[in-house]
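Enquirer: Okay, so here is data-v7.cif, and as you'll see once you scroll down, it has mmCIF, C-alpha atoms.
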data_coords
loop_
_atom_site.label_atom_id
_atom_site.label_comp_id
_atom_site.auth_asym_id
_atom_site.auth_seq_id
_atom_site.Cartn_x
_atom_site.Cartn_y
_atom_site.Cartn_z
CA MET A 1 10.44 -18.61 -3.50
CA ALA A 2 8.62 -15.40 -4.40
CA THR A 3 9.95 -11.84 -4.19
CA HIS A 4 7.67 -9.14 -2.77
CA VAL A 5 8.21 -5.39 -2.78
CA ILE A 6 6.27 -3.88 0.13
CA THR A 7 5.60 -0.31 1.21
CA GLY A 8 4.34 0.42 4.71
CA ALA A 9 6.01 -2.62 6.30
CA GLY A 10 6.89 -0.70 9.44
CA SER A 11 3.49 -0.89 11.15
CA GLY A 12 -0.14 -1.93 10.92
CA ILE A 13 -1.27 -3.92 7.90
CA GLY A 14 2.08 -3.68 6.14
CA ALA A 15 3.95 -5.11 9.12
CA ALA A 16 1.44 -7.96 9.45
CA VAL A 17 1.85 -8.87 5.78
CA ALA A 18 5.63 -8.64 5.94
CA ARG A 19 5.76 -10.91 8.99
CA ARG A 20 3.63 -13.55 7.28
CA LEU A 21 5.64 -13.54 4.06
CA HIS A 22 8.94 -13.47 5.93
CA ALA A 23 7.88 -16.42 8.10
CA ARG A 24 7.19 -18.59 5.08
CA GLY A 25 10.60 -17.84 3.59
CA ASP A 26 9.75 -15.47 0.75
CA ASP A 27 12.20 -12.75 -0.30
CA LEU A 28 11.22 -9.26 0.86
CA VAL A 29 12.19 -5.87 -0.55
CA LEU A 30 10.98 -3.40 2.06
CA HIS A 31 10.55 0.24 1.18
CA ALA A 32 11.72 2.81 3.72
CA ARG A 33 11.45 6.58 3.64
CA ASP A 34 15.05 7.08 4.84
CA ALA A 35 18.22 5.22 5.79
CA GLY A 36 17.36 5.16 9.49
CA ARG A 37 14.04 3.49 8.86
CA ALA A 38 15.69 1.06 6.45
CA LYS A 39 18.10 0.00 9.19
CA GLU A 40 15.19 -0.67 11.56
CA LEU A 41 13.34 -2.77 8.96
CA ALA A 42 16.48 -4.78 8.15
CA ALA A 43 16.89 -5.60 11.83
CA GLU A 44 13.24 -6.60 12.19
CA PHE A 45 13.24 -8.79 9.07
CA PRO A 46 16.63 -10.55 8.82
CA GLY A 47 17.57 -11.32 5.23
CA ALA A 48 15.22 -8.74 3.74
CA THR A 49 16.47 -6.10 1.30
CA THR A 50 15.58 -2.46 1.82
CA LEU A 51 14.79 0.22 -0.74
CA VAL A 52 14.99 3.86 0.30
CA GLY A 53 12.89 6.66 -1.19
CA ASP A 54 10.50 9.28 0.13
CA LEU A 55 6.94 8.62 -1.05
CA ALA A 56 6.06 12.19 -0.13
CA ASP A 57 8.39 13.36 -2.91
CA PRO A 58 7.62 11.05 -5.84
CA ASP A 59 9.51 13.24 -8.31
CA LYS A 60 12.76 12.09 -6.66
CA LEU A 61 12.01 8.36 -6.48
CA SER A 62 13.56 7.68 -9.87
CA TRP A 63 16.80 9.36 -8.80
CA ALA A 64 16.82 7.52 -5.47
CA PHE A 65 16.29 4.13 -7.11
CA SER A 66 19.01 4.80 -9.69
CA HIS A 67 21.53 4.69 -6.82
CA GLN A 68 20.28 1.36 -5.45
CA SER A 69 20.01 -2.22 -6.66
CA LEU A 70 16.52 -3.27 -7.73
CA PRO A 71 15.44 -6.92 -7.88
CA ASP A 72 15.52 -8.62 -11.27
CA ARG A 73 12.23 -10.37 -10.56
CA VAL A 74 9.17 -9.13 -8.66
CA ASP A 75 6.31 -11.52 -7.96
CA SER A 76 4.22 -8.93 -6.14
CA LEU A 77 4.27 -5.21 -5.52
CA LEU A 78 2.25 -4.41 -2.40
CA HIS A 79 1.22 -0.78 -1.94
CA ILE A 80 0.32 -0.59 1.75
CA ALA A 81 1.81 2.71 2.94
CA GLY A 82 -0.56 5.63 3.37
CA VAL A 83 -1.15 8.90 5.18
CA VAL A 84 -4.29 10.68 6.34
CA ASP A 85 -5.01 14.26 7.36
CA LEU A 86 -8.66 14.98 8.06
CA GLY A 87 -10.25 18.37 7.50
CA ASP A 88 -13.09 20.16 5.79
CA VAL A 89 -12.58 21.43 2.24
CA GLY A 90 -12.79 24.97 3.58
CA ASP A 91 -9.86 24.33 5.93
CA LEU A 92 -7.45 22.04 4.10
CA THR A 93 -4.37 23.70 2.63
CA PRO A 94 -2.70 22.84 -0.69
CA LYS A 95 0.19 21.37 1.35
CA SER A 96 -2.16 18.85 2.96
CA TRP A 97 -3.75 17.97 -0.38
CA ARG A 98 -0.36 17.49 -2.05
CA HIS A 99 1.03 15.35 0.77
CA GLN A 100 -1.88 12.91 0.72
CA LEU A 101 -2.06 12.76 -3.07
CA ASN A 102 1.72 12.25 -3.33
CA VAL A 103 1.95 9.41 -0.80
CA ASN A 104 -1.38 7.71 -1.47
CA LEU A 105 -1.64 8.01 -5.26
CA ILE A 106 1.28 9.47 -7.21
CA ALA A 107 4.01 7.49 -5.44
CA PRO A 108 2.20 4.16 -5.99
CA ALA A 109 1.89 5.03 -9.68
CA GLU A 110 5.59 5.86 -9.87
CA LEU A 111 6.64 2.72 -7.99
CA THR A 112 4.47 0.63 -10.28
CA ARG A 113 6.07 2.22 -13.34
CA HIS A 114 9.53 1.31 -12.06
CA PHE A 115 8.68 -2.31 -11.30
CA LEU A 116 6.44 -3.17 -14.25
CA PRO A 117 9.26 -4.78 -16.30
CA GLN A 118 10.07 -7.16 -13.43
CA LEU A 119 6.39 -7.83 -12.78
CA ARG A 120 5.80 -8.67 -16.44
CA THR A 121 8.75 -11.06 -16.44
CA ALA A 122 7.36 -12.87 -13.39
CA ARG A 123 3.72 -12.56 -14.50
CA GLY A 124 3.31 -11.11 -11.04
CA GLN A 125 0.73 -9.11 -9.14
CA VAL A 126 0.19 -5.51 -8.04
CA LEU A 127 -1.93 -5.15 -4.94
CA PHE A 128 -3.23 -1.81 -3.67
CA VAL A 129 -4.41 -1.54 -0.08
CA ASN A 130 -7.09 1.08 -0.59
CA SER A 131 -9.74 2.07 1.98
CA GLY A 132 -13.46 2.26 2.48
CA ALA A 133 -12.87 5.95 1.74
CA GLY A 134 -11.86 4.89 -1.76
CA LEU A 135 -15.46 3.85 -2.37
CA ASN A 136 -17.41 6.43 -0.35
CA ALA A 137 -16.39 9.94 0.68
CA HIS A 138 -17.68 11.60 3.83
CA ALA A 139 -17.47 15.03 5.41
CA GLY A 140 -13.98 15.82 6.63
CA TRP A 141 -12.36 13.16 4.46
CA SER A 142 -12.16 14.94 1.09
CA ALA A 143 -8.40 14.91 0.45
CA TYR A 144 -7.83 11.39 1.74
CA ALA A 145 -10.88 10.04 -0.09
CA ALA A 146 -9.85 11.79 -3.29
CA SER A 147 -6.44 10.12 -3.11
CA LYS A 148 -8.04 6.73 -2.53
CA HIS A 149 -10.68 7.19 -5.24
CA GLY A 150 -7.76 7.99 -7.53
CA LEU A 151 -5.99 4.84 -6.36
CA LYS A 152 -9.00 2.79 -7.43
CA ALA A 153 -8.86 4.41 -10.87
CA LEU A 154 -5.15 3.65 -11.08
CA ALA A 155 -5.74 0.00 -10.23
CA ASP A 156 -8.67 -0.36 -12.64
CA SER A 157 -6.72 1.17 -15.52
CA LEU A 158 -3.59 -0.84 -14.76
CA ARG A 159 -5.59 -4.07 -14.66
CA GLN A 160 -6.83 -3.54 -18.22
CA GLU A 161 -3.46 -2.36 -19.50
CA GLU A 162 -1.48 -5.31 -18.08
CA HIS A 163 -3.96 -8.15 -18.54
CA ASP A 164 -2.30 -9.39 -21.72
CA ASN A 165 1.09 -9.28 -19.96
CA GLY A 166 -0.17 -11.68 -17.31
CA VAL A 167 0.06 -9.14 -14.45
CA ARG A 168 -2.79 -9.43 -11.95
CA VAL A 169 -4.06 -6.29 -10.20
CA SER A 170 -6.05 -6.34 -6.98
CA SER A 171 -7.51 -3.69 -4.68
CA VAL A 172 -8.34 -4.40 -1.04
CA TYR A 173 -10.65 -1.97 0.76
CA PRO A 174 -10.32 -2.39 4.53
CA GLY A 175 -12.68 -0.67 6.90
CA ARG A 176 -11.32 0.85 10.08
CA THR A 177 -8.32 -1.23 11.17
CA ALA A 178 -6.50 -1.14 14.50
CA SER A 179 -3.29 0.66 13.55
CA PRO A 180 -1.26 3.80 14.27
CA MET A 181 -3.13 5.51 11.42
CA GLN A 182 -6.46 4.72 13.10
CA ALA A 183 -5.17 6.14 16.37
CA LYS A 184 -4.28 9.35 14.52
CA VAL A 185 -7.73 9.49 12.90
CA HIS A 186 -9.41 9.21 16.29
CA GLN A 187 -7.19 11.94 17.65
CA GLN A 188 -8.17 14.20 14.76
CA GLU A 189 -11.82 13.31 15.25
CA GLY A 190 -11.55 14.03 18.98
CA LYS A 191 -12.71 10.52 19.85
CA GLU A 192 -11.41 7.90 22.27
CA TYR A 193 -9.54 5.13 20.48
CA ASP A 194 -10.30 1.51 21.37
CA PRO A 195 -8.44 -0.86 19.03
CA ALA A 196 -10.64 -3.78 20.11
CA ARG A 197 -13.51 -2.26 18.13
CA PHE A 198 -11.75 -2.49 14.79
CA ILE A 199 -10.28 -5.01 12.36
CA ASP A 200 -7.06 -6.68 13.47
CA PRO A 201 -4.29 -6.03 10.91
CA GLU A 202 -3.71 -9.79 10.81
CA SER A 203 -7.22 -10.26 9.42
CA VAL A 204 -6.50 -7.85 6.58
CA ALA A 205 -3.22 -9.70 6.01
CA ASP A 206 -5.29 -12.88 5.58
CA THR A 207 -7.23 -11.28 2.73
CA ILE A 208 -4.05 -9.98 1.07
CA LEU A 209 -2.41 -13.40 1.15
CA LEU A 210 -5.61 -14.91 -0.23
CA ALA A 211 -5.33 -12.62 -3.25
CA LEU A 212 -1.61 -13.33 -3.68
CA ASP A 213 -1.92 -17.11 -3.36
CA LEU A 214 -4.98 -17.51 -5.58
CA PRO A 215 -4.30 -19.98 -8.42
CA ARG A 216 -3.44 -18.38 -11.76
CA ASP A 217 -6.77 -19.29 -13.33
CA ALA A 218 -8.43 -16.49 -11.35
CA GLU A 219 -7.77 -13.07 -9.86
CA ILE A 220 -9.40 -10.97 -7.15
CA ASN A 221 -10.12 -7.53 -8.56
CA ASP A 222 -11.78 -5.82 -5.58
CA LEU A 223 -12.13 -7.12 -2.04
CA THR A 224 -13.94 -5.19 0.70
CA VAL A 225 -13.21 -5.98 4.36
CA ARG A 226 -15.37 -4.56 7.15
CA PRO A 227 -15.20 -4.74 10.96
CA GLY A 228 -17.07 -7.80 12.18
CA ARG A 229 -17.76 -6.63 15.72
#
Go through the file and emit its structure as structure tokens.

Expert:
Amino acid sequence: MATHVITGAGSGIGAAVARRLHARGDDLVLHARDAGRAKELAAEFPGATTLVGDLADPDKLSWAFSHQSLPDRVDSLLHIAGVVDLGDVGDLTPKSWRHQLNVNLIAPAELTRHFLPQLRTARGQVLFVNSGAGLNAHAGWSAYAASKHGLKALADSLRQEEHDNGVRVSSVYPGRTASPMQAKVHQQEGKEYDPARFIDPESVADTILLALDLPRDAEINDLTVRPGR
């Protein structure tokens, strides 16, 4: 039975992955931003453990975790949580830049730092759910794309650093996926949102489980997923 630490399990891709792993009997440690959200996740995934800490304030994660029990073994750390706030460079404020960089880049680095000893013990895997914006930046997406380009750099560096410790590192780059985040993006773009046009979160979950379940003689470094309709 494997133990997975998951951020973003409350909706979208993260919820789809958590449901699949929970259904097959794996142990889940679900990150929540506050105690109220932790209670909701515990009710949705009976038997799961919750871990509370605000990704928007990564400087305080170490303090928050010091007051909670962390698992002794971690087979996978799944970074799925993310935020987006569109805007042109000429309009975005430092607050918007900091929020997206904190949640999308700095917090994953800090979480990884905390769980590396357990991941090394288990010869486990770190998986980053990135974005197509982590490979190509477009007008209006500068802050979000910068955070995701940085996430790619984090994953690439970590992969080289931890190879000899047996820790696999994968990045998955989904295109537009039907999720609450996508609904927000369409609202910011002033466009009508039709979830049927985009990737089902379950399809992205398929790719994530493929990377996790791959035999140990191989690893998926980068996997791009695009809408097929």

Enquirer: Just give me the gap between CA of Ala43 in chain A and CA of Ala81 in chain A in Å, one decimal is fine.

Expert: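 Pair CA of Ala43 in chain A / CA of Ala81 in chain A returns 19.4 Å.
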
Enquirer: Expand the PyMOL selection byres ((chain A and resi 168-173) around 10) into the explicit residue set it covers here, and present it as an MDAnalysis selection string.

Expert: chainID A and resid 76:80 119:120 123:135 148 151:152 155:160 162:167 174:176 204 207:208 211:212 216 218:226

Enquirer: How many Å separate CA of His22 in chain A from CA of Glu110 in chain A?

Expert: 25.2 Å

Enquirer: Quick one: pull the distance between CA of Arg33 in chain A and CA of Val89 in chain A, Å, one decimal.

Expert: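 Atom-to-atom, CA of Arg33 in chain A to CA of Val89 in chain A, that is 28.3 Å.
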
Enquirer: Could you list, as a count of residues only, every residue within 12 Å of Pro195 in chain A, counting all atoms listed in the file and ignoring same-chain residues fewer than 5 positions away?

Expert: 15

Enquirer: Would you give me, as a tab-separated table, each residue of range 87-143 of chain A having an atom within 10 Å of an atom of range 50-57 of chain A, along with its shortest atom pair and that distance in Å to one decimal, using only C-alpha atoms and sorting by chain and residue number?

Expert:
residue	atom	partner	partner_atom	distance
A:Arg98	CA	A:Ala56	CA	8.5
A:His99	CA	A:Ala56	CA	6.0
A:Gln100	CA	A:Ala56	CA	8.0
A:Leu101	CA	A:Ala56	CA	8.7
A:Asn102	CA	A:Ala56	CA	5.4
A:Val103	CA	A:Ala56	CA	5.0
A:Asn104	CA	A:Leu55	CA	8.4
A:Leu105	CA	A:Leu55	CA	9.6
A:Ile106	CA	A:Leu55	CA	8.4
A:Ala107	CA	A:Leu55	CA	5.4
A:Pro108	CA	A:Leu55	CA	8.2
A:Glu110	CA	A:Leu55	CA	9.3
A:Leu111	CA	A:Leu55	CA	9.1

Enquirer: Can you work out which one of A:Ala145, A:Val74, A:Ala35, A:Ala18 has the shortest atom-to-atom distance to Thr3 in chain A, counting only C-alpha atoms?

Expert: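 Smallest distance to Thr3 in chain A is found for A:Val74.
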